[in-house]
$ cat target.txt   # compact mmCIF, C-alpha atoms
# COMPACT_ATOMS: atom_id res chain seq x y z
CA MET A 88 -322.62 46.66 78.51
CA ARG A 89 -321.33 50.14 77.56
CA ALA A 90 -324.83 51.48 76.93
CA GLN A 91 -326.10 50.04 80.20
CA VAL A 92 -323.24 51.53 82.23
CA ALA A 93 -323.76 54.94 80.63
CA GLU A 94 -327.50 54.78 81.29
CA MET A 95 -326.97 53.95 84.95
CA HIS A 96 -324.69 56.94 85.29
CA SER A 97 -327.07 59.29 83.49
CA LEU A 98 -330.02 58.24 85.64
CA ASN A 99 -328.09 59.20 88.80
CA PHE A 100 -329.44 56.45 91.05
CA GLN A 101 -327.19 57.56 93.93
CA ILE A 102 -325.88 54.06 94.37
CA ASP A 103 -322.39 52.65 93.99
CA VAL A 104 -321.88 50.65 90.78
CA LEU A 105 -319.76 47.53 90.95
CA ILE A 106 -319.00 45.38 87.91
CA ALA A 107 -318.07 41.72 88.33
CA ASP A 108 -316.47 40.62 85.08
CA GLY A 109 -315.87 37.07 83.98
CA GLY A 110 -313.38 37.95 81.23
CA SER A 111 -315.14 40.22 78.74
CA THR A 112 -313.36 40.81 75.44
CA ASP A 113 -315.73 43.31 73.79
CA GLY A 114 -313.95 46.45 74.99
CA SER A 115 -316.82 47.47 77.26
CA LEU A 116 -314.60 47.63 80.34
CA ASP A 117 -312.17 50.35 79.29
CA LEU A 118 -311.02 51.92 82.55
CA GLU A 119 -311.33 55.50 81.35
CA PHE A 120 -314.88 54.84 80.20
CA LEU A 121 -315.77 53.27 83.55
CA ARG A 122 -314.27 56.17 85.49
CA ALA A 123 -316.12 58.70 83.36
CA ASN A 124 -319.38 56.89 84.09
CA GLY A 125 -318.93 56.69 87.84
CA VAL A 126 -318.20 52.98 88.23
CA ARG A 127 -316.76 52.54 91.70
CA THR A 128 -315.14 49.13 91.32
CA LEU A 129 -314.27 46.64 88.59
CA LEU A 130 -313.66 43.08 89.76
CA THR A 131 -312.40 40.44 87.34
CA LYS A 132 -312.86 36.76 88.08
CA THR A 133 -309.85 34.79 86.84
CA GLY A 134 -310.58 31.39 88.37
CA ALA A 135 -312.97 28.62 87.41
CA GLY A 136 -316.73 28.93 87.26
CA GLY A 137 -319.34 31.14 85.66
CA LEU A 138 -322.19 33.30 86.96
CA SER A 139 -322.24 32.08 90.57
CA ALA A 140 -318.47 32.39 90.83
CA GLN A 141 -318.72 36.00 89.61
CA MET A 142 -321.50 36.64 92.10
CA ARG A 143 -319.45 35.25 94.97
CA VAL A 144 -316.62 37.63 94.11
CA ALA A 145 -318.96 40.63 93.93
CA LEU A 146 -320.99 39.79 97.03
CA ALA A 147 -317.91 39.10 99.13
CA TYR A 148 -316.41 42.43 98.08
CA ALA A 149 -319.64 44.28 98.89
CA LEU A 150 -319.85 42.74 102.34
CA ASP A 151 -316.18 43.50 103.03
CA GLU A 152 -316.90 47.12 102.10
CA GLY A 153 -319.76 47.27 104.58
CA TYR A 154 -322.76 47.45 102.23
CA GLU A 155 -326.08 46.45 103.83
CA GLY A 156 -327.64 45.31 100.57
CA VAL A 157 -326.71 44.43 96.99
CA ILE A 158 -328.76 44.76 93.79
CA VAL A 159 -327.67 42.46 90.96
CA VAL A 160 -328.54 42.85 87.30
CA ASP A 161 -327.28 41.23 84.11
CA GLY A 162 -325.03 43.29 81.90
CA ASN A 163 -326.55 42.25 78.56
CA GLY A 164 -329.03 45.12 78.29
CA LYS A 165 -332.24 43.08 78.54
CA ASP A 166 -333.36 44.64 81.81
CA ASP A 167 -334.94 48.06 82.30
CA ILE A 168 -332.65 49.43 84.97
CA SER A 169 -335.05 52.22 85.88
CA ALA A 170 -336.41 49.67 88.40
CA ILE A 171 -333.23 49.88 90.50
CA PRO A 172 -334.66 52.44 92.98
CA ASP A 173 -337.58 50.07 93.64
CA PHE A 174 -335.14 47.34 94.68
CA ALA A 175 -333.28 49.79 96.94
CA ARG A 176 -336.56 50.85 98.55
CA ARG A 177 -337.50 47.26 99.23
CA LEU A 178 -334.14 46.66 100.91
CA ASP A 179 -334.67 49.77 103.02
CA GLU A 180 -338.07 48.37 104.04
CA GLY A 181 -336.31 45.33 105.49
CA TYR A 182 -336.69 42.70 102.78
CA ASP A 183 -333.86 40.19 102.46
CA HIS A 184 -334.56 38.82 98.98
CA VAL A 185 -336.23 40.93 96.30
CA GLN A 186 -337.04 39.16 93.05
CA GLY A 187 -337.68 41.16 89.90
CA SER A 188 -340.72 39.82 88.07
CA ARG A 189 -342.14 40.40 84.62
CA PHE A 190 -345.34 38.61 85.55
CA ILE A 191 -346.82 40.66 88.39
CA PRO A 192 -348.80 43.91 87.97
CA GLY A 193 -346.52 46.59 86.54
CA GLY A 194 -344.06 44.11 85.03
CA ARG A 195 -343.55 43.55 81.31
CA ALA A 196 -342.18 40.62 79.30
CA ILE A 197 -341.23 41.78 75.80
CA ASN A 198 -340.39 39.32 73.00
CA THR A 199 -339.63 36.53 75.46
CA PRO A 200 -338.74 33.40 73.42
CA ARG A 201 -341.62 30.94 73.56
CA SER A 202 -339.41 28.05 74.68
CA ARG A 203 -338.19 30.06 77.64
CA LEU A 204 -341.66 31.17 78.59
CA VAL A 205 -342.99 27.61 78.54
CA GLY A 206 -340.02 26.27 80.52
CA LEU A 207 -340.36 29.01 83.10
CA ARG A 208 -344.11 28.79 83.56
CA PHE A 209 -344.48 25.01 83.57
CA ILE A 210 -341.16 23.70 84.96
CA HIS A 211 -338.89 26.25 86.58
CA ALA A 212 -341.29 28.42 88.58
CA PRO A 213 -343.46 25.55 89.88
CA LEU A 214 -340.48 23.50 91.09
CA MET A 215 -338.77 26.49 92.68
CA SER A 216 -342.01 27.51 94.37
CA ILE A 217 -342.52 24.05 95.88
CA ALA A 218 -338.98 24.05 97.27
CA ALA A 219 -339.31 27.62 98.58
CA ARG A 220 -342.76 26.96 100.09
CA ARG A 221 -344.00 30.14 98.44
CA TRP A 222 -345.17 30.93 94.93
CA GLN A 223 -342.48 32.65 92.85
CA THR A 224 -343.42 33.99 89.43
CA ASP A 225 -340.13 34.77 87.63
CA THR A 226 -337.48 32.39 88.92
CA THR A 227 -335.08 32.66 85.97
CA ASN A 228 -334.84 36.45 86.16
CA GLY A 229 -331.44 37.55 87.46
CA PHE A 230 -332.58 41.06 88.41
CA ARG A 231 -332.61 40.70 92.21
CA ALA A 232 -331.54 42.23 95.51
CA TYR A 233 -330.07 40.63 98.62
CA SER A 234 -329.65 41.90 102.17
CA SER A 235 -326.37 41.49 104.01
CA ARG A 236 -328.34 39.62 106.70
CA LEU A 237 -329.22 36.91 104.18
CA LEU A 238 -325.73 36.72 102.70
CA LEU A 239 -324.03 36.45 106.09
CA ASP A 240 -326.35 33.81 107.50
CA PRO A 241 -324.32 30.66 108.31
CA GLN A 242 -327.16 28.35 107.30
CA VAL A 243 -327.41 30.01 103.88
CA SER A 244 -323.62 30.14 103.47
CA PRO A 245 -323.39 31.43 99.87
CA PHE A 246 -319.58 31.56 99.67
CA ARG A 247 -318.96 27.92 98.86
CA ASP A 248 -317.12 26.54 95.83
CA ILE A 249 -320.17 24.43 94.96
CA PHE A 250 -321.78 27.59 93.58
CA ARG A 251 -320.30 27.97 90.11
CA THR A 252 -322.96 28.55 87.44
CA TYR A 253 -326.65 29.11 88.25
CA GLU A 254 -326.70 27.40 91.63
CA LEU A 255 -326.41 30.51 93.79
CA HIS A 256 -329.40 32.31 92.25
CA TYR A 257 -331.59 29.28 92.91
CA HIS A 258 -330.19 28.57 96.37
CA LEU A 259 -330.73 32.12 97.63
CA ALA A 260 -334.26 32.31 96.20
CA ILE A 261 -335.25 29.03 97.84
CA GLU A 262 -333.60 29.45 101.23
CA SER A 263 -334.71 33.05 101.75
CA SER A 264 -338.34 31.88 101.47
CA ARG A 265 -337.99 28.50 103.14
CA LEU A 266 -336.33 29.89 106.27
CA HIS A 267 -338.97 31.91 108.06
CA ARG A 268 -336.56 34.44 109.57
CA PHE A 269 -336.15 36.20 106.22
CA ARG A 270 -338.54 38.51 104.38
CA THR A 271 -338.98 38.08 100.64
CA THR A 272 -340.97 39.89 97.98
CA GLU A 273 -341.22 40.50 94.25
CA THR A 274 -341.08 43.85 92.46
CA PRO A 275 -342.20 44.55 88.88
CA VAL A 276 -339.54 44.80 86.16
CA THR A 277 -339.35 44.89 82.39
CA ARG A 278 -337.18 42.45 80.46
CA ALA A 279 -336.99 42.85 76.69
CA TYR A 280 -335.48 40.48 74.13
CA PRO A 281 -334.66 41.63 70.59
CA ALA A 282 -337.54 41.33 68.15
CA SER A 283 -335.22 39.54 65.72
CA GLY A 284 -331.70 38.21 65.51
CA LYS A 285 -329.67 36.33 68.09
CA THR A 286 -330.98 36.07 71.64
CA PRO A 287 -328.50 37.70 74.08
CA THR A 288 -327.68 34.71 76.28
CA LYS A 289 -324.84 32.37 77.18
CA ILE A 290 -327.20 29.39 77.51
CA SER A 291 -326.91 27.11 74.49
CA PRO A 292 -330.14 25.41 73.30
CA ILE A 293 -329.24 21.82 74.20
CA ARG A 294 -326.18 21.59 76.43
CA GLY A 295 -326.89 24.86 78.23
CA ASN A 296 -330.54 24.14 78.92
CA SER A 297 -329.69 20.61 80.06
CA HIS A 298 -327.24 22.07 82.56
CA VAL A 299 -329.82 24.59 83.81
CA LEU A 300 -332.32 21.76 84.41
CA ALA A 301 -329.72 19.67 86.24
CA VAL A 302 -328.84 22.58 88.52
CA LEU A 303 -332.54 23.29 89.07
CA PHE A 304 -333.30 19.73 90.19
CA ARG A 305 -330.31 19.72 92.55
CA ALA A 306 -331.46 23.02 94.04
CA VAL A 307 -335.09 22.04 94.57
CA THR A 308 -334.09 18.72 96.16
CA GLY A 309 -331.88 20.49 98.70
CA ARG A 310 -328.49 19.45 97.37
CA TYR A 311 -326.99 22.88 98.14
CA ARG A 312 -328.55 23.15 101.60
CA LEU A 313 -326.54 22.89 104.81
CA ARG A 314 -328.36 20.48 107.06
CA ASP A 315 -326.19 20.57 110.17
CA ILE A 316 -326.44 24.24 111.17
CA GLY A 317 -329.39 25.35 113.28
CA HIS A 318 -333.05 24.70 112.60
CA ASP A 319 -335.79 26.35 110.57
$ encode --input "target.txt" --output "structure tokens"
Amino acid sequence: MRAQVAEMHSLNFQIDVLIADGGSTDGSLDLEFLRANGVRTLLTKTGAGGLSAQMRVALAYALDEGYEGVIVVDGNGKDDISAIPDFARRLDEGYDHVQGSRFIPGGRAINTPRSRLVGLRFIHAPLMSIAARRWQTDTTNGFRAYSSRLLLDPQVSPFRDIFRTYELHYHLAIESSRLHRFRTTETPVTRAYPASGKTPTKISPIRGNSHVLAVLFRAVTGRYRLRDIGHD
């Protein structure tokens, strides 16, 4: 996290940096360090839930502050953050959901664990694409951007307690493509895993992956969709 924050500051993206923390204990969120590296806001989630709960905190804050778009990226150093200006440009062009992809021209997948690659290519991406009614190539990649128009849409309604772990990523990716009033696209990114040693992830091999699959099947079968507001 510290290296990523410092790199974002050194690259001078001319964007505001917001960190949504779920309770880090590695010392990466020292306030003096964050101030020195231009971090505008640190939000700490203290309630229940994981990734989606952190996202809800961050997205709600961004909307309250009047931002017209939000770029989200993991803090574990796997993503090449030099792609951030490409996401910002896509938002400026009027896209509502911008998915970072390693698998389109210009993207790179480095040392991706074979089990993840197989699961993504043969299970995750096909099921998500069917639900979204549009082919999506890198559906597990958390490097994304959202417009305020998408986040404030009452039929999308992302600020519900049902979104706790990975649900919100999947829900936004599906609904932004399924509902024809939104514009979606992919932009090339690089995601690199270590060549050796422990994979930087919070997803455990058995229990974690089982949970991811359960959330995926609920998402693609419309369990998180609001059915009583408006029409497609």
$ atom_distance --input "target.txt" --atom1 "atom CA of Phe120 of chain A" --atom2 "atom CA of Gln141 of chain A"
21.4 Å
$ closest_residue --input "target.txt" --among "A:Tyr280, A:Tyr154, A:Phe250, A:Phe230" --to "Asp173 of chain A" --atoms "all atoms listed in the file"
A:Phe230
$ closest_residue --input "target.txt" --among "A:Leu178, A:Val299, A:Ile191, A:Val144" --to "Asp108 of chain A" --atoms "all atoms listed in the file"
A:Val144
$ closest_residue --input "target.txt" --among "A:Val160, A:Met142, A:Val243, A:Ala90" --to "Leu130 of chain A" --atoms "only C-alpha atoms"
A:Met142
$ residues_around --input "target.txt" --residues "Asn198 of chain A" --least-positions-apart "3" --cutoff "7 Å" --atoms "all atoms listed in the file" --output "ChimeraX atom specification"
/A:279-282
$ write_last_selection --input "target.txt" --atoms "C-alpha atoms" --output "compact mmCIF listing (two decimals), keeping the file's coordinate frame"
# COMPACT_ATOMS: atom_id res chain seq x y z
CA ALA A 279 -336.99 42.85 76.69
CA TYR A 280 -335.48 40.48 74.13
CA PRO A 281 -334.66 41.63 70.59
CA ALA A 282 -337.54 41.33 68.15
$ atom_distance --input "target.txt" --atom1 "atom CA of Ile158 of chain A" --atom2 "atom CA of Ser202 of chain A"
27.5 Å
$ closest_residue --input "target.txt" --among "A:Arg268, A:Ser139, A:Val302, A:Ile210" --to "His256 of chain A" --atoms "all atoms listed in the file"
A:Ser139
$ closest_residue --input "target.txt" --among "A:Ile293, A:Val92, A:Asp240, A:Gly110" --to "Thr133 of chain A" --atoms "only C-alpha atoms"
A:Gly110
$ closest_residue --input "target.txt" --among "A:Arg251, A:Arg127, A:His184, A:Arg189" --to "Ala170 of chain A" --atoms "only C-alpha atoms"
A:Arg189
$ residues_near_point --input "target.txt" --point "(-321.4, 40.4, 103.3)" --cutoff "6 Å" --atoms "only C-alpha atoms" --output "PyMOL selection string"
chain A and resi 147+150+235+238-239
$ atom_distance --input "target.txt" --atom1 "atom CA of Asp103 of chain A" --atom2 "atom CA of Ala140 of chain A"
20.9 Å
$ residues_near_point --input "target.txt" --point "(-338.4, 44.5, 95.0)" --cutoff "8 Å" --atoms "all atoms listed in the file" --output "ChimeraX atom specification"
/A:173-178,184-187,231-232,272-275
$ residues_around --input "target.txt" --residues "Arg208 of chain A" --least-positions-apart "2" --cutoff "12 Å" --atoms "all atoms listed in the file" --output "list in words"
Arg189, Phe190, Arg201, Ser202, Arg203, Leu204, Val205, Gly206, Ile210, His211, Ala212, Pro213, Leu214, Met215, Ser216, Trp222, Gln223, Thr224, Asp225, Thr226 and Thr227 of chain A
$ residues_around --input "target.txt" --residues "Gln91 of chain A" --least-positions-apart "3" --cutoff "8 Å" --atoms "all atoms listed in the file" --output "PyMOL selection string"
chain A and resi 88+94-95+162-164
$ write_last_selection --input "target.txt" --atoms "C-alpha atoms" --output "compact mmCIF listing (two decimals), keeping the file's coordinate frame"
# COMPACT_ATOMS: atom_id res chain seq x y z
CA MET A 88 -322.62 46.66 78.51
CA GLU A 94 -327.50 54.78 81.29
CA MET A 95 -326.97 53.95 84.95
CA GLY A 162 -325.03 43.29 81.90
CA ASN A 163 -326.55 42.25 78.56
CA GLY A 164 -329.03 45.12 78.29
$ residues_around --input "target.txt" --residues "segment 96-101 of chain A" --least-positions-apart "4" --cutoff "7 Å" --atoms "all atoms listed in the file" --output "mmCIF file with C-alpha atoms, in the coordinates of the input"
data_model
loop_
_atom_site.group_PDB
_atom_site.id
_atom_site.type_symbol
_atom_site.label_atom_id
_atom_site.label_comp_id
_atom_site.auth_asym_id
_atom_site.auth_seq_id
_atom_site.Cartn_x
_atom_site.Cartn_y
_atom_site.Cartn_z
ATOM 1 C CA VAL A 92 -323.240 51.530 82.230
ATOM 2 C CA ASN A 124 -319.380 56.890 84.090
ATOM 3 C CA GLY A 125 -318.930 56.690 87.840
ATOM 4 C CA PRO A 172 -334.660 52.440 92.980
#
$ decode --input "target.txt" --residues "segment 127-233 of chain A" --atoms "C-alpha atoms" --output "compact mmCIF listing (two decimals), in the first residue's frame"
# COMPACT_ATOMS: atom_id res chain seq x y z
CA ARG A 127 -7.17 13.84 0.31
CA THR A 128 -9.27 11.58 2.51
CA LEU A 129 -8.91 8.42 4.60
CA LEU A 130 -12.13 6.59 5.39
CA THR A 131 -12.15 3.64 7.76
CA LYS A 132 -14.98 1.12 7.70
CA THR A 133 -15.72 -0.09 11.22
CA GLY A 134 -18.93 -2.03 10.61
CA ALA A 135 -19.60 -5.46 9.15
CA GLY A 136 -18.74 -6.53 5.63
CA GLY A 137 -15.74 -6.61 3.34
CA LEU A 138 -14.94 -5.17 -0.08
CA SER A 139 -18.45 -4.06 -1.08
CA ALA A 140 -19.00 -2.45 2.31
CA GLN A 141 -15.76 -0.49 1.87
CA MET A 142 -16.84 0.49 -1.63
CA ARG A 143 -20.20 1.74 -0.39
CA VAL A 144 -18.45 3.97 2.13
CA ALA A 145 -16.08 5.38 -0.49
CA LEU A 146 -18.67 5.83 -3.23
CA ALA A 147 -21.15 7.51 -0.90
CA TYR A 148 -18.46 9.92 0.27
CA ALA A 149 -17.43 10.73 -3.30
CA LEU A 150 -21.00 11.45 -4.33
CA ASP A 151 -21.58 13.61 -1.25
CA GLU A 152 -18.48 15.59 -2.22
CA GLY A 153 -19.85 16.18 -5.71
CA TYR A 154 -17.51 14.01 -7.79
CA GLU A 155 -18.87 13.07 -11.24
CA GLY A 156 -16.88 9.85 -11.47
CA VAL A 157 -14.86 7.46 -9.33
CA ILE A 158 -11.91 5.23 -10.28
CA VAL A 159 -11.38 2.25 -7.98
CA VAL A 160 -8.22 0.18 -7.70
CA ASP A 161 -7.01 -2.45 -5.24
CA GLY A 162 -4.35 -1.41 -2.78
CA ASN A 163 -2.25 -4.58 -2.96
CA GLY A 164 0.13 -3.37 -5.67
CA LYS A 165 -0.88 -5.83 -8.41
CA ASP A 166 -2.21 -3.15 -10.76
CA ASP A 167 -0.18 -0.80 -12.95
CA ILE A 168 -1.68 2.50 -11.88
CA SER A 169 -0.26 4.34 -14.87
CA ALA A 170 -3.59 3.40 -16.52
CA ILE A 171 -5.51 5.78 -14.25
CA PRO A 172 -5.57 8.66 -16.79
CA ASP A 173 -7.14 6.28 -19.34
CA PHE A 174 -10.02 5.61 -16.94
CA ALA A 175 -10.46 9.35 -16.33
CA ARG A 176 -10.53 10.00 -20.07
CA ARG A 177 -13.18 7.35 -20.58
CA LEU A 178 -15.33 8.95 -17.87
CA ASP A 179 -14.89 12.33 -19.55
CA GLU A 180 -16.05 10.74 -22.82
CA GLY A 181 -19.34 9.84 -21.14
CA TYR A 182 -18.88 6.19 -20.20
CA ASP A 183 -20.65 5.03 -17.04
CA HIS A 184 -18.76 1.79 -16.36
CA VAL A 185 -15.15 1.32 -17.42
CA GLN A 186 -13.68 -2.12 -16.86
CA GLY A 187 -9.93 -2.60 -16.78
CA SER A 188 -8.94 -5.65 -18.82
CA ARG A 189 -5.74 -7.63 -19.15
CA PHE A 190 -7.11 -9.50 -22.14
CA ILE A 191 -7.75 -6.81 -24.75
CA PRO A 192 -5.08 -5.25 -27.01
CA GLY A 193 -2.63 -3.28 -24.87
CA GLY A 194 -3.42 -5.21 -21.68
CA ARG A 195 -1.02 -7.58 -19.93
CA ALA A 196 -1.55 -10.49 -17.53
CA ILE A 197 1.71 -11.29 -15.72
CA ASN A 198 2.15 -14.46 -13.65
CA THR A 199 -1.60 -14.93 -13.26
CA PRO A 200 -2.15 -18.16 -11.27
CA ARG A 201 -3.39 -20.88 -13.60
CA SER A 202 -6.40 -21.72 -11.42
CA ARG A 203 -7.56 -18.11 -11.54
CA LEU A 204 -7.07 -17.87 -15.27
CA VAL A 205 -9.09 -21.03 -15.90
CA GLY A 206 -11.87 -19.95 -13.54
CA LEU A 207 -12.05 -16.52 -15.13
CA ARG A 208 -11.99 -17.65 -18.74
CA PHE A 209 -14.34 -20.63 -18.47
CA ILE A 210 -16.71 -19.75 -15.60
CA HIS A 211 -16.66 -16.16 -14.41
CA ALA A 212 -16.45 -14.17 -17.64
CA PRO A 213 -18.95 -16.31 -19.61
CA LEU A 214 -21.60 -16.21 -16.87
CA MET A 215 -21.16 -12.49 -16.27
CA SER A 216 -21.33 -11.81 -20.00
CA ILE A 217 -24.58 -13.73 -20.39
CA ALA A 218 -26.16 -11.79 -17.53
CA ALA A 219 -24.85 -8.46 -18.83
CA ARG A 220 -25.91 -9.23 -22.43
CA ARG A 221 -22.46 -8.15 -23.59
CA TRP A 222 -19.12 -9.93 -23.69
CA GLN A 223 -16.85 -8.93 -20.80
CA THR A 224 -13.26 -10.17 -20.82
CA ASP A 225 -11.89 -9.52 -17.30
CA THR A 226 -14.76 -9.73 -14.85
CA THR A 227 -12.70 -10.42 -11.71
CA ASN A 228 -10.48 -7.36 -12.17
CA GLY A 229 -11.27 -4.69 -9.59
CA PHE A 230 -9.61 -1.86 -11.53
CA ARG A 231 -12.72 0.01 -12.70
CA ALA A 232 -14.42 3.38 -13.01
CA TYR A 233 -18.00 4.42 -12.36
